[in-house]
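Structure below is work_17.pdb: PDB, C-alpha atoms.
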ATOM      1  CA  MET J   1     -75.676 -40.742  57.485
ATOM      2  CA  ARG J   2     -72.952 -38.628  55.920
ATOM      3  CA  GLY J   3     -70.382 -41.391  55.780
ATOM      4  CA  ARG J   4     -68.344 -39.995  58.643
ATOM      5  CA  MET J   5     -67.236 -43.287  60.128
ATOM      6  CA  ARG J   6     -63.552 -43.610  61.005
ATOM      7  CA  GLY J   7     -61.229 -44.916  58.305
ATOM      8  CA  VAL J   8     -59.881 -47.811  60.385
ATOM      9  CA  ALA J   9     -62.667 -50.153  59.326
ATOM     10  CA  ALA J  10     -62.860 -48.862  55.755
ATOM     11  CA  VAL J  11     -60.446 -51.302  54.145
ATOM     12  CA  LEU J  12     -61.846 -54.254  56.099
ATOM     13  CA  VAL J  13     -65.445 -53.763  55.038
ATOM     14  CA  ALA J  14     -65.049 -52.255  51.560
ATOM     15  CA  GLY J  15     -65.222 -55.624  49.831
ATOM     16  CA  ALA J  16     -68.331 -56.644  51.708
ATOM     17  CA  LEU J  17     -70.076 -53.361  50.961
ATOM     18  CA  LEU J  18     -69.216 -53.545  47.287
ATOM     19  CA  ALA J  19     -70.663 -57.026  47.079
ATOM     20  CA  GLY J  20     -73.996 -55.724  48.332
ATOM     21  CA  CYS J  21     -74.097 -52.186  46.999
ATOM     22  CA  GLY J  22     -76.074 -52.942  43.858
ATOM     23  CA  LEU J  23     -73.388 -52.111  41.312
ATOM     24  CA  ALA J  24     -74.600 -54.946  39.129
ATOM     25  CA  SER J  25     -77.793 -52.965  38.627
ATOM     26  CA  GLY J  26     -78.564 -49.506  37.368
ATOM     27  CA  SER J  27     -80.743 -47.899  34.767
ATOM     28  CA  PRO J  28     -80.011 -45.516  31.897
ATOM     29  CA  MET J  29     -80.723 -41.835  32.461
ATOM     30  CA  THR J  30     -83.206 -40.728  29.823
ATOM     31  CA  ASP J  31     -83.471 -36.978  30.297
ATOM     32  CA  ASP J  32     -84.223 -35.104  27.074
ATOM     33  CA  VAL J  33     -81.594 -32.416  27.534
ATOM     34  CA  GLU J  34     -79.375 -30.364  25.250
ATOM     35  CA  PRO J  35     -76.358 -28.171  25.998
ATOM     36  CA  GLY J  36     -77.038 -24.828  27.625
ATOM     37  CA  SER J  37     -74.046 -23.021  29.066
ATOM     38  CA  ILE J  38     -72.305 -26.403  29.453
ATOM     39  CA  GLY J  39     -71.744 -29.244  27.000
ATOM     40  CA  GLN J  40     -71.508 -27.073  23.904
ATOM     41  CA  GLY J  41     -70.351 -29.163  20.949
ATOM     42  CA  LYS J  42     -71.225 -32.345  22.858
ATOM     43  CA  PRO J  43     -67.624 -33.292  23.755
ATOM     44  CA  LEU J  44     -68.805 -36.518  25.436
ATOM     45  CA  LYS J  45     -70.694 -37.784  22.365
ATOM     46  CA  GLY J  46     -70.473 -41.575  22.254
ATOM     47  CA  ALA J  47     -69.110 -41.920  25.801
ATOM     48  CA  ASP J  48     -70.689 -44.487  28.114
ATOM     49  CA  LEU J  49     -70.424 -43.092  31.624
ATOM     50  CA  THR J  50     -71.726 -44.310  34.988
ATOM     51  CA  VAL J  51     -72.519 -41.912  37.823
ATOM     52  CA  THR J  52     -72.882 -42.914  41.455
ATOM     53  CA  SER J  53     -73.686 -41.383  44.840
ATOM     54  CA  LYS J  54     -74.458 -42.259  48.430
ATOM     55  CA  GLU J  55     -78.051 -42.794  49.516
ATOM     56  CA  PHE J  56     -79.091 -39.551  51.238
ATOM     57  CA  THR J  57     -80.981 -36.666  49.658
ATOM     58  CA  GLU J  58     -78.137 -34.285  48.881
ATOM     59  CA  GLN J  59     -76.081 -37.062  47.304
ATOM     60  CA  LEU J  60     -78.988 -38.243  45.154
ATOM     61  CA  ILE J  61     -79.407 -34.677  43.874
ATOM     62  CA  LEU J  62     -75.688 -34.256  43.179
ATOM     63  CA  GLY J  63     -75.575 -37.618  41.406
ATOM     64  CA  ALA J  64     -78.491 -36.601  39.205
ATOM     65  CA  ILE J  65     -76.876 -33.238  38.452
ATOM     66  CA  THR J  66     -73.708 -35.032  37.310
ATOM     67  CA  GLY J  67     -75.618 -37.428  35.075
ATOM     68  CA  ILE J  68     -77.755 -34.676  33.535
ATOM     69  CA  ALA J  69     -74.617 -32.660  32.745
ATOM     70  CA  PHE J  70     -72.991 -35.649  31.053
ATOM     71  CA  GLN J  71     -76.131 -36.348  28.995
ATOM     72  CA  ALA J  72     -76.290 -32.750  27.771
ATOM     73  CA  ALA J  73     -72.672 -33.115  26.649
ATOM     74  CA  GLY J  74     -73.613 -36.176  24.572
ATOM     75  CA  ALA J  75     -72.854 -39.121  26.863
ATOM     76  CA  ASN J  76     -74.940 -42.222  27.454
ATOM     77  CA  VAL J  77     -75.302 -42.300  31.243
ATOM     78  CA  LEU J  78     -75.971 -45.224  33.547
ATOM     79  CA  ASP J  79     -77.515 -44.251  36.879
ATOM     80  CA  ARG J  80     -76.065 -46.128  39.850
ATOM     81  CA  THR J  81     -76.803 -43.522  42.473
ATOM     82  CA  GLY J  82     -78.028 -44.311  45.981
ATOM     83  CA  ILE J  83     -75.343 -46.688  47.261
ATOM     84  CA  GLN J  84     -75.565 -47.122  51.009
ATOM     85  CA  GLY J  85     -72.618 -45.680  52.909
ATOM     86  CA  SER J  86     -69.513 -43.846  51.757
ATOM     87  CA  ILE J  87     -67.193 -46.713  51.038
ATOM     88  CA  GLY J  88     -69.178 -48.498  48.334
ATOM     89  CA  ALA J  89     -69.681 -45.398  46.183
ATOM     90  CA  ARG J  90     -66.028 -44.351  46.441
ATOM     91  CA  GLU J  91     -64.791 -47.862  45.657
ATOM     92  CA  ALA J  92     -67.023 -47.989  42.598
ATOM     93  CA  VAL J  93     -65.342 -44.873  41.188
ATOM     94  CA  ARG J  94     -61.887 -46.013  42.250
ATOM     95  CA  ASN J  95     -62.114 -49.425  40.595
ATOM     96  CA  GLY J  96     -63.908 -48.230  37.456
ATOM     97  CA  ASP J  97     -67.381 -49.674  38.130
ATOM     98  CA  ALA J  98     -68.477 -46.015  38.080
ATOM     99  CA  ASP J  99     -66.849 -42.942  36.601
ATOM    100  CA  ALA J 100     -67.857 -39.990  38.765
ATOM    101  CA  MET J 101     -69.484 -38.817  41.982
ATOM    102  CA  TYR J 102     -69.527 -35.786  44.263
ATOM    103  CA  GLU J 103     -67.681 -36.640  47.478
ATOM    104  CA  TYR J 104     -66.857 -34.576  50.571
ATOM    105  CA  THR J 105     -63.315 -33.516  51.369
ATOM    106  CA  GLY J 106     -63.668 -34.218  55.090
ATOM    107  CA  THR J 107     -65.018 -37.710  54.432
ATOM    108  CA  ALA J 108     -62.089 -38.508  52.160
ATOM    109  CA  TRP J 109     -59.482 -37.055  54.523
ATOM    110  CA  ILE J 110     -60.776 -38.692  57.708
ATOM    111  CA  THR J 111     -62.719 -41.796  56.634
ATOM    112  CA  HIS J 112     -60.981 -42.940  53.455
ATOM    113  CA  GLN J 113     -57.456 -41.613  53.956
ATOM    114  CA  GLY J 114     -57.332 -42.335  57.695
ATOM    115  CA  ASN J 115     -56.278 -38.946  59.082
ATOM    116  CA  ALA J 116     -57.332 -37.924  62.585
ATOM    117  CA  GLU J 117     -56.884 -34.148  62.333
ATOM    118  CA  PRO J 118     -58.803 -32.096  59.752
ATOM    119  CA  ILE J 119     -57.106 -29.220  57.915
ATOM    120  CA  PRO J 120     -58.877 -25.952  58.863
ATOM    121  CA  ASP J 121     -58.439 -24.183  55.506
ATOM    122  CA  PRO J 122     -60.992 -25.580  52.987
ATOM    123  CA  GLN J 123     -58.717 -25.162  49.956
ATOM    124  CA  GLU J 124     -55.744 -26.744  51.724
ATOM    125  CA  GLN J 125     -57.982 -29.603  52.855
ATOM    126  CA  TRP J 126     -59.081 -30.214  49.257
ATOM    127  CA  GLN J 127     -55.500 -30.018  47.960
ATOM    128  CA  ALA J 128     -54.289 -32.540  50.541
ATOM    129  CA  VAL J 129     -57.146 -34.914  49.659
ATOM    130  CA  ARG J 130     -56.490 -34.488  45.944
ATOM    131  CA  ASP J 131     -52.766 -35.169  46.282
ATOM    132  CA  ALA J 132     -53.321 -38.257  48.450
ATOM    133  CA  ASP J 133     -55.922 -39.772  46.115
ATOM    134  CA  LEU J 134     -53.953 -39.464  42.886
ATOM    135  CA  LYS J 135     -52.171 -42.716  43.742
ATOM    136  CA  ASN J 136     -55.567 -44.359  44.283
ATOM    137  CA  GLY J 137     -56.732 -43.776  40.732
ATOM    138  CA  LEU J 138     -59.017 -40.881  41.686
ATOM    139  CA  THR J 139     -58.797 -37.283  40.532
ATOM    140  CA  TRP J 140     -60.549 -34.551  42.511
ATOM    141  CA  LEU J 141     -61.820 -31.552  40.568
ATOM    142  CA  PRO J 142     -62.079 -28.129  42.312
ATOM    143  CA  PRO J 143     -64.453 -27.988  45.299
ATOM    144  CA  ALA J 144     -67.745 -26.203  45.862
ATOM    145  CA  GLU J 145     -68.466 -23.716  48.619
ATOM    146  CA  LEU J 146     -71.118 -26.230  49.717
ATOM    147  CA  ASN J 147     -69.862 -27.454  53.106
ATOM    148  CA  ASN J 148     -72.035 -30.183  54.602
ATOM    149  CA  THR J 149     -70.555 -30.185  58.081
ATOM    150  CA  TYR J 150     -71.857 -30.441  61.638
ATOM    151  CA  ALA J 151     -73.363 -27.507  63.536
ATOM    152  CA  LEU J 152     -75.643 -26.663  66.442
ATOM    153  CA  ALA J 153     -78.907 -24.845  65.734
ATOM    154  CA  THR J 154     -81.677 -23.259  67.789
ATOM    155  CA  ASN J 155     -85.245 -22.045  67.228
ATOM    156  CA  PRO J 156     -86.412 -18.396  67.071
ATOM    157  CA  ALA J 157     -87.740 -18.351  70.662
ATOM    158  CA  ASN J 158     -84.483 -19.594  72.163
ATOM    159  CA  LEU J 159     -82.467 -17.335  69.880
ATOM    160  CA  LYS J 160     -84.426 -14.353  71.211
ATOM    161  CA  LYS J 161     -84.208 -15.583  74.811
ATOM    162  CA  TYR J 162     -80.474 -16.325  74.926
ATOM    163  CA  GLY J 163     -79.049 -14.321  72.013
ATOM    164  CA  THR J 164     -76.440 -16.930  71.081
ATOM    165  CA  ARG J 165     -74.897 -16.610  67.632
ATOM    166  CA  THR J 166     -71.660 -18.614  67.963
ATOM    167  CA  LEU J 167     -70.494 -21.789  69.677
ATOM    168  CA  SER J 168     -68.423 -19.562  71.967
ATOM    169  CA  ASP J 169     -71.701 -17.916  73.014
ATOM    170  CA  VAL J 170     -73.152 -21.365  73.760
ATOM    171  CA  ALA J 171     -70.079 -22.212  75.841
ATOM    172  CA  GLU J 172     -70.454 -18.966  77.791
ATOM    173  CA  LEU J 173     -74.152 -19.663  78.369
ATOM    174  CA  SER J 174     -73.370 -23.187  79.616
ATOM    175  CA  LYS J 175     -71.061 -21.710  82.283
ATOM    176  CA  LYS J 176     -73.367 -18.865  83.261
ATOM    177  CA  ASP J 177     -76.625 -20.849  83.245
ATOM    178  CA  PRO J 178     -75.902 -24.625  83.011
ATOM    179  CA  ASP J 179     -79.595 -25.577  82.924
ATOM    180  CA  ALA J 180     -80.174 -23.408  79.848
ATOM    181  CA  VAL J 181     -78.047 -25.539  77.511
ATOM    182  CA  THR J 182     -79.801 -28.788  76.592
ATOM    183  CA  LEU J 183     -78.765 -30.726  73.497
ATOM    184  CA  CYS J 184     -80.431 -33.112  71.052
ATOM    185  CA  VAL J 185     -77.793 -35.150  69.194
ATOM    186  CA  GLU J 186     -77.255 -38.409  67.305
ATOM    187  CA  GLY J 187     -75.633 -41.271  69.233
ATOM    188  CA  GLU J 188     -72.617 -41.209  66.888
ATOM    189  CA  PHE J 189     -72.110 -37.460  67.244
ATOM    190  CA  ALA J 190     -72.268 -37.855  71.037
ATOM    191  CA  SER J 191     -69.235 -40.143  71.051
ATOM    192  CA  ARG J 192     -67.011 -38.941  68.192
ATOM    193  CA  GLU J 193     -63.916 -36.846  68.750
ATOM    194  CA  ASP J 194     -64.916 -34.705  65.751
ATOM    195  CA  GLY J 195     -68.378 -34.470  67.341
ATOM    196  CA  LEU J 196     -69.645 -33.515  70.775
ATOM    197  CA  PRO J 197     -66.655 -34.529  72.977
ATOM    198  CA  GLY J 198     -64.197 -32.683  70.762
ATOM    199  CA  MET J 199     -66.485 -29.658  70.450
ATOM    200  CA  GLN J 200     -66.850 -29.417  74.222
ATOM    201  CA  LYS J 201     -63.090 -29.639  74.630
ATOM    202  CA  ALA J 202     -62.376 -27.025  71.947
ATOM    203  CA  TYR J 203     -64.887 -24.541  73.368
ATOM    204  CA  GLY J 204     -64.429 -25.260  77.064
ATOM    205  CA  MET J 205     -67.986 -26.542  77.502
ATOM    206  CA  ASN J 206     -68.950 -28.907  80.285
ATOM    207  CA  ILE J 207     -72.520 -29.954  79.540
ATOM    208  CA  PRO J 208     -73.783 -32.630  81.968
ATOM    209  CA  SER J 209     -74.967 -35.899  80.413
ATOM    210  CA  SER J 210     -78.417 -35.303  81.916
ATOM    211  CA  ASN J 211     -78.750 -32.306  79.560
ATOM    212  CA  ILE J 212     -77.940 -34.395  76.462
ATOM    213  CA  THR J 213     -80.623 -36.443  74.678
ATOM    214  CA  LYS J 214     -79.683 -38.894  71.905
ATOM    215  CA  MET J 215     -82.108 -39.434  69.017
ATOM    216  CA  ASP J 216     -82.330 -40.136  65.275
ATOM    217  CA  THR J 217     -81.255 -37.388  62.901
ATOM    218  CA  GLY J 218     -84.707 -36.655  61.447
ATOM    219  CA  ILE J 219     -86.305 -36.206  64.849
ATOM    220  CA  ILE J 220     -83.657 -33.721  65.984
ATOM    221  CA  TYR J 221     -84.870 -30.977  63.641
ATOM    222  CA  THR J 222     -88.469 -31.183  64.862
ATOM    223  CA  GLN J 223     -87.346 -31.254  68.498
ATOM    224  CA  ILE J 224     -85.209 -28.125  68.042
ATOM    225  CA  ALA J 225     -88.171 -26.414  66.365
ATOM    226  CA  LYS J 226     -90.454 -27.409  69.262
ATOM    227  CA  GLY J 227     -87.917 -26.234  71.828
ATOM    228  CA  THR J 228     -87.604 -29.668  73.453
ATOM    229  CA  CYS J 229     -83.870 -28.959  73.507
ATOM    230  CA  THR J 230     -82.257 -25.535  73.354
ATOM    231  CA  PHE J 231     -79.741 -26.614  70.731
ATOM    232  CA  GLY J 232     -79.516 -29.577  68.397
ATOM    233  CA  GLU J 233     -76.998 -31.158  66.071
ATOM    234  CA  VAL J 234     -77.703 -30.387  62.409
ATOM    235  CA  PHE J 235     -75.983 -30.680  59.045
ATOM    236  CA  THR J 236     -75.346 -27.262  57.550
ATOM    237  CA  THR J 237     -76.877 -27.964  54.135
ATOM    238  CA  ASP J 238     -80.071 -29.624  55.410
ATOM    239  CA  GLY J 239     -83.224 -28.086  53.938
ATOM    240  CA  ARG J 240     -85.068 -28.358  57.235
ATOM    241  CA  ILE J 241     -82.904 -25.585  58.734
ATOM    242  CA  LYS J 242     -84.554 -22.994  56.502
ATOM    243  CA  ALA J 243     -87.964 -24.673  56.433
ATOM    244  CA  MET J 244     -88.184 -24.691  60.246
ATOM    245  CA  ASN J 245     -86.613 -21.241  60.633
ATOM    246  CA  LEU J 246     -83.677 -22.531  62.681
ATOM    247  CA  THR J 247     -80.516 -20.493  63.271
ATOM    248  CA  VAL J 248     -77.121 -22.183  62.999
ATOM    249  CA  MET J 249     -74.457 -21.254  65.553
ATOM    250  CA  GLU J 250     -71.236 -20.092  63.908
ATOM    251  CA  ASP J 251     -68.283 -22.408  64.521
ATOM    252  CA  ASP J 252     -66.096 -19.424  65.386
ATOM    253  CA  LYS J 253     -63.095 -21.552  66.405
ATOM    254  CA  HIS J 254     -63.349 -23.641  63.207
ATOM    255  CA  PHE J 255     -63.509 -26.910  65.119
ATOM    256  CA  PHE J 256     -65.649 -29.006  62.781
ATOM    257  CA  PRO J 257     -63.972 -30.471  59.665
ATOM    258  CA  ASN J 258     -64.713 -29.024  56.237
ATOM    259  CA  TYR J 259     -66.965 -31.274  54.196
ATOM    260  CA  ASN J 260     -66.828 -29.408  50.873
ATOM    261  CA  ALA J 261     -68.403 -31.285  47.970
ATOM    262  CA  ALA J 262     -66.195 -31.835  44.930
ATOM    263  CA  PRO J 263     -66.300 -34.112  41.879
ATOM    264  CA  SER J 264     -64.244 -37.254  42.368
ATOM    265  CA  ILE J 265     -63.500 -38.817  38.974
ATOM    266  CA  ASN J 266     -61.910 -42.102  37.957
ATOM    267  CA  THR J 267     -58.524 -40.935  36.651
ATOM    268  CA  ARG J 268     -58.565 -43.173  33.560
ATOM    269  CA  THR J 269     -62.012 -41.853  32.654
ATOM    270  CA  LEU J 270     -60.804 -38.264  33.012
ATOM    271  CA  GLU J 271     -57.765 -38.996  30.836
ATOM    272  CA  GLN J 272     -60.055 -40.433  28.157
ATOM    273  CA  TYR J 273     -62.618 -37.613  28.470
ATOM    274  CA  PRO J 274     -60.789 -34.508  29.761
ATOM    275  CA  ALA J 275     -63.828 -32.368  28.839
ATOM    276  CA  ILE J 276     -65.498 -33.655  32.033
ATOM    277  CA  ALA J 277     -63.572 -31.084  34.072
ATOM    278  CA  GLY J 278     -64.873 -28.131  32.053
ATOM    279  CA  ILE J 279     -68.423 -29.496  32.093
ATOM    280  CA  LEU J 280     -68.624 -29.882  35.881
ATOM    281  CA  ASP J 281     -66.600 -26.847  36.983
ATOM    282  CA  PRO J 282     -69.280 -24.154  36.345
ATOM    283  CA  ILE J 283     -71.850 -26.312  38.149
ATOM    284  CA  THR J 284     -69.602 -26.838  41.166
ATOM    285  CA  LYS J 285     -68.995 -23.084  41.379
ATOM    286  CA  LYS J 286     -72.747 -22.503  41.785
ATOM    287  CA  LEU J 287     -73.138 -24.967  44.659
ATOM    288  CA  ASN J 288     -73.166 -23.388  48.125
ATOM    289  CA  ASN J 289     -75.025 -24.034  51.374
ATOM    290  CA  THR J 290     -77.980 -21.824  50.425
ATOM    291  CA  VAL J 291     -78.501 -23.665  47.129
ATOM    292  CA  ALA J 292     -78.089 -27.032  48.854
ATOM    293  CA  GLN J 293     -80.607 -26.160  51.579
ATOM    294  CA  GLU J 294     -83.169 -25.065  48.961
ATOM    295  CA  LEU J 295     -82.718 -28.184  46.814
ATOM    296  CA  ASN J 296     -82.664 -30.546  49.800
ATOM    297  CA  ALA J 297     -85.831 -28.934  51.206
ATOM    298  CA  LYS J 298     -87.709 -29.629  47.976
ATOM    299  CA  VAL J 299     -87.116 -33.322  48.619
ATOM    300  CA  ASP J 300     -87.126 -33.594  52.425
ATOM    301  CA  VAL J 301     -89.832 -31.013  53.157
ATOM    302  CA  GLU J 302     -91.966 -30.893  49.993
ATOM    303  CA  GLY J 303     -91.565 -34.537  48.992
ATOM    304  CA  GLN J 304     -90.339 -33.936  45.439
ATOM    305  CA  ASP J 305     -88.249 -36.436  43.464
ATOM    306  CA  PRO J 306     -84.460 -35.793  43.782
ATOM    307  CA  HIS J 307     -83.815 -36.307  40.069
ATOM    308  CA  LEU J 308     -86.561 -33.905  39.022
ATOM    309  CA  VAL J 309     -85.295 -31.342  41.547
ATOM    310  CA  ALA J 310     -81.825 -31.633  40.007
ATOM    311  CA  LEU J 311     -83.188 -31.296  36.457
ATOM    312  CA  GLU J 312     -85.290 -28.258  37.315
ATOM    313  CA  TRP J 313     -82.257 -26.535  38.886
ATOM    314  CA  MET J 314     -79.996 -27.342  35.914
ATOM    315  CA  VAL J 315     -82.556 -25.849  33.509
ATOM    316  CA  GLN J 316     -83.235 -22.857  35.768
ATOM    317  CA  GLU J 317     -79.515 -22.049  35.967
ATOM    318  CA  GLY J 318     -79.182 -22.332  32.190
ATOM    319  CA  PHE J 319     -76.668 -25.188  32.325
ATOM    320  CA  VAL J 320     -78.907 -27.353  30.117
ATOM    321  CA  LYS J 321     -81.991 -26.958  27.982
ATOM    322  CA  GLU J 322     -84.852 -29.397  27.829
ATOM    323  CA  GLY J 323     -85.240 -30.888  24.384
TER     324      GLY J 323
END

Spell out the structure here as C-alpha cells.
Amino acid sequence: MRGRMRGVAAVLVAGALLAGCGLASGSPMTDDVEPGSIGQGKPLKGADLTVTSKEFTEQLILGAITGIAFQAAGANVLDRTGIQGSIGAREAVRNGDADAMYEYTGTAWITHQGNAEPIPDPQEQWQAVRDADLKNGLTWLPPAELNNTYALATNPANLKKYGTRTLSDVAELSKKDPDAVTLCVEGEFASREDGLPGMQKAYGMNIPSSNITKMDTGIIYTQIAKGTCTFGEVFTTDGRIKAMNLTVMEDDKHFFPNYNAAPSINTRTLEQYPAIAGILDPITKKLNNTVAQELNAKVDVEGQDPHLVALEWMVQEGFVKEG
C-alpha cells in the first residue's frame, strides 16, 4: 500500500507500470484560490505544471495540496494524482510527464535506490536520498516531520491490562507471558526484513506463528479495536489510529525506516521555476503525524473527498484564500 516493495524489481517493471498508470489522462485543477501566506506576487503565473501522487488517501491529499499551492501562485495545474504503486508516480516526475509529488524518504532509499539498510537519523536519510537522486533528474526539497512508517498499536483495554508503551515492553511481555502477545499483520509485513522478522530480531521477540494472524490492512485497525489481537501493524499517520483510540508503541530502538514526506521535483522544472521551493516549504513545515492523522481521518473515517479536505486545510492554515 505504501510502495514499500524492494527495489530489485523496480527497474524491471517501471516501464510496464508507466504504460498503464494513466499518464495520458488527467484533468485541470479548477480551484478558485488566491495567494494567502504563499504565492504572493504569483511567481508561477503562466506556468503549466502537472502534479502526481500514489493512490492511497494520504498521497491524494498531498497531491491536492501541491496543486492548490501551485494554482494560488498563478500556475495552470493538471491533476494526475492517484497512480497505482510507487514506481509509476516517481517515474512520471523523473521523466517529465509530471513536475512534482510528495514522496517518502524511506521508499526512495529502499525501493527506488536499492539500499537494504535504512539510515536512522531522519535528516541524514533525506540528505542521502537527495544526493543520490540528483543524478536521476529529481530534486528533493526539505522534508516534513510527517513520518508514515510502520508501528504496532493496541486498544485502551489492552493498554490498561498490559501497560506496554514501547516495542521493548512488548518484547518483555512476549517473554514473560507468551500467550498475551497476539499480532494482526499484513502478509507483506509478516515476511519483510524491515517488517515483522526484522522487528523480532531487533527486539529479541520470539512470537510463535500460531499467535500471528495475517489480514488486509483495513481490517487490522478494526480487529485491534475489538481486541481480536493484542497488537496490530499500523501506519503511523493513519487517521483510524485516533478515530479508534488506539495507542502506538514507541519504536524505542529506532528499527523501522523513516518515511518522511518531502516534495520531489523534476529538476528541470525547478530550474525553470525556482519559486516552487519557497511555495512548498512553509506547507511542508506544517505537516506532521498529528496533522496527517486528522486529514486522513476526514477521508477514511468520515468519507470526505481528499481534494476538498486538502483545500479546507490550506484555507484554514492561511496558505491560500478562496476567491

* **Chain and number of each residue from the PyMOL selection byres ((chain J and resi 235-241) around 9), as a PyMOL selection string** => chain J and resi 58+146-153+221-222+233-234+242-248+288-301

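For the file at hand, the PyMOL selection byres ((chain J and resi 78) around 6) resolves to Ser27, Pro28, Met29, Thr50, Val77 and Asp79 of chain J.
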
* Written as a ChimeraX atom specification, what is the full residue list that the PyMOL selection byres ((chain J and resi 286) around 9) yields on the file shown? -> /J:144-146,281-285,287-288,291,317

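Proximity ranking of J:Met199, J:Tyr162, J:Gly232, J:Ala157 relative to Leu183 of chain J places J:Gly232 first, based on only C-alpha atoms.
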
* Rounded to one decimal in Å, what is the spacing between atom CA of Gly137 of chain J and atom CA of Tyr273 of chain J? ->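 Calculated distance between atom CA of Gly137 of chain J and atom CA of Tyr273 of chain J is 14.9 Å.
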
* Compare J:Asn258, J:Ile65, J:Pro120, J:Ile279 by their minimum atom-to-atom distance to Tyr104 of chain J, counting only C-alpha atoms, and give me the closest one. =>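 Using only C-alpha atoms, Tyr104 of chain J sits closest to J:Asn258.
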
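The interatomic distance for the pair atom CA of Glu34 of chain J and atom CA of Phe319 of chain J works out to 9.2 Å.
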
* How far is it from atom CA of Val93 of chain J to atom CA of Gln123 of chain J, in Å with one decimal? ->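 Those two atoms sit 22.6 Å apart.
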
* Structure fact -> One residue among J:Met205, J:Ala72, J:Val185, J:Ile38 is nearest to Ile219 of chain J when using only C-alpha atoms, and that residue is J:Val185

* Structure fact -> Shortest contact to Val33 of chain J, candidates J:Gln71, J:Ser210, J:Glu117, J:Glu172, atoms counted all atoms listed in the file, goes to J:Gln71

* Which residue gives the smallest distance to Ala262 of chain J among J:Ala190, J:Val309, J:Met101, J:Met314, with all atoms listed in the file counted? -> J:Met101

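Distance check against Arg90 of chain J using only C-alpha atoms: of J:Ala277, J:Leu196, J:Ile265, J:Ile207, the minimum falls on J:Ile265.
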
As AutoDock Vina command-line options, please report the centre and edge lengths, rounded to one decimal in Å, of the axis-aligned box that holds all listed atoms of segment 55-73 of chain J with 5 Å of padding on each of the six sides.
--center_x -76.8 --center_y -37.7 --center_z 38.9 --size_x 18.3 --size_y 20.1 --size_z 34.6

* Asked: Counting only C-alpha atoms, what is within 12 Å of Asp179 of chain J, bar same-chain residues fewer than 5 positions away, as a list in words?
  ->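 After dropping sequence-adjacent residues, the list is Val170, Leu173, Ser174, Asn206, Ile207, Pro208, Ser209, Ser210, Asn211, Ile212, Cys229 and Thr230 of chain J.
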
Based on the selection just made, write C-alpha atoms of those residues as a PDB file, in the coordinates of the input.
ATOM      1  CA  VAL J 170     -73.152 -21.365  73.760  1.00  0.00           C
ATOM      2  CA  LEU J 173     -74.152 -19.663  78.369  1.00  0.00           C
ATOM      3  CA  SER J 174     -73.370 -23.187  79.616  1.00  0.00           C
ATOM      4  CA  ASN J 206     -68.950 -28.907  80.285  1.00  0.00           C
ATOM      5  CA  ILE J 207     -72.520 -29.954  79.540  1.00  0.00           C
ATOM      6  CA  PRO J 208     -73.783 -32.630  81.968  1.00  0.00           C
ATOM      7  CA  SER J 209     -74.967 -35.899  80.413  1.00  0.00           C
ATOM      8  CA  SER J 210     -78.417 -35.303  81.916  1.00  0.00           C
ATOM      9  CA  ASN J 211     -78.750 -32.306  79.560  1.00  0.00           C
ATOM     10  CA  ILE J 212     -77.940 -34.395  76.462  1.00  0.00           C
ATOM     11  CA  CYS J 229     -83.870 -28.959  73.507  1.00  0.00           C
ATOM     12  CA  THR J 230     -82.257 -25.535  73.354  1.00  0.00           C
TER      13      THR J 230
END

* **12 Å contact set for Ser264 of chain J, only C-alpha atoms, chain neighbours under 2 positions out, as a VMD selection string** => chain J and resid 51 to 53 62 to 63 66 89 to 94 98 to 105 108 126 129 to 130 133 to 134 136 to 143 260 to 262 266 to 267 269 to 270 276 to 277 280 to 281 284

Just write the chosen residues, C-alpha atoms, as a short mmCIF file (atom, residue, chain, number, x, y, z; two decimals), keeping the file's coordinate frame.
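Listed below is the output, selection-v2.cif:
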data_model
loop_
_atom_site.label_atom_id
_atom_site.label_comp_id
_atom_site.auth_asym_id
_atom_site.auth_seq_id
_atom_site.Cartn_x
_atom_site.Cartn_y
_atom_site.Cartn_z
CA VAL J 51 -72.52 -41.91 37.82
CA THR J 52 -72.88 -42.91 41.46
CA SER J 53 -73.69 -41.38 44.84
CA LEU J 62 -75.69 -34.26 43.18
CA GLY J 63 -75.58 -37.62 41.41
CA THR J 66 -73.71 -35.03 37.31
CA ALA J 89 -69.68 -45.40 46.18
CA ARG J 90 -66.03 -44.35 46.44
CA GLU J 91 -64.79 -47.86 45.66
CA ALA J 92 -67.02 -47.99 42.60
CA VAL J 93 -65.34 -44.87 41.19
CA ARG J 94 -61.89 -46.01 42.25
CA ALA J 98 -68.48 -46.02 38.08
CA ASP J 99 -66.85 -42.94 36.60
CA ALA J 100 -67.86 -39.99 38.76
CA MET J 101 -69.48 -38.82 41.98
CA TYR J 102 -69.53 -35.79 44.26
CA GLU J 103 -67.68 -36.64 47.48
CA TYR J 104 -66.86 -34.58 50.57
CA THR J 105 -63.32 -33.52 51.37
CA ALA J 108 -62.09 -38.51 52.16
CA TRP J 126 -59.08 -30.21 49.26
CA VAL J 129 -57.15 -34.91 49.66
CA ARG J 130 -56.49 -34.49 45.94
CA ASP J 133 -55.92 -39.77 46.12
CA LEU J 134 -53.95 -39.46 42.89
CA ASN J 136 -55.57 -44.36 44.28
CA GLY J 137 -56.73 -43.78 40.73
CA LEU J 138 -59.02 -40.88 41.69
CA THR J 139 -58.80 -37.28 40.53
CA TRP J 140 -60.55 -34.55 42.51
CA LEU J 141 -61.82 -31.55 40.57
CA PRO J 142 -62.08 -28.13 42.31
CA PRO J 143 -64.45 -27.99 45.30
CA ASN J 260 -66.83 -29.41 50.87
CA ALA J 261 -68.40 -31.28 47.97
CA ALA J 262 -66.19 -31.84 44.93
CA ASN J 266 -61.91 -42.10 37.96
CA THR J 267 -58.52 -40.94 36.65
CA THR J 269 -62.01 -41.85 32.65
CA LEU J 270 -60.80 -38.26 33.01
CA ILE J 276 -65.50 -33.66 32.03
CA ALA J 277 -63.57 -31.08 34.07
CA LEU J 280 -68.62 -29.88 35.88
CA ASP J 281 -66.60 -26.85 36.98
CA THR J 284 -69.60 -26.84 41.17
#

* To do: List the residues sitting within 7 Å of (-84.3, -36.6, 69.4) in the file's frame, using only C-alpha atoms, as a list in words.
  =>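 Collected hits near the coordinates: Cys184, Val185, Thr213, Lys214, Met215, Asp216, Ile219, Ile220 and Gln223 of chain J.
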
Residues within 7 Å of Glu250 of chain J, only C-alpha atoms, excluding chain neighbours under 3 positions, as a PDB file with C-alpha atoms, in the coordinates of the input:
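The resulting file, result_9.pdb, is reproduced below:
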ATOM      1  CA  ARG J 165     -74.897 -16.610  67.632  1.00  0.00           C
ATOM      2  CA  THR J 166     -71.660 -18.614  67.963  1.00  0.00           C
ATOM      3  CA  LEU J 167     -70.494 -21.789  69.677  1.00  0.00           C
TER       4      LEU J 167
END
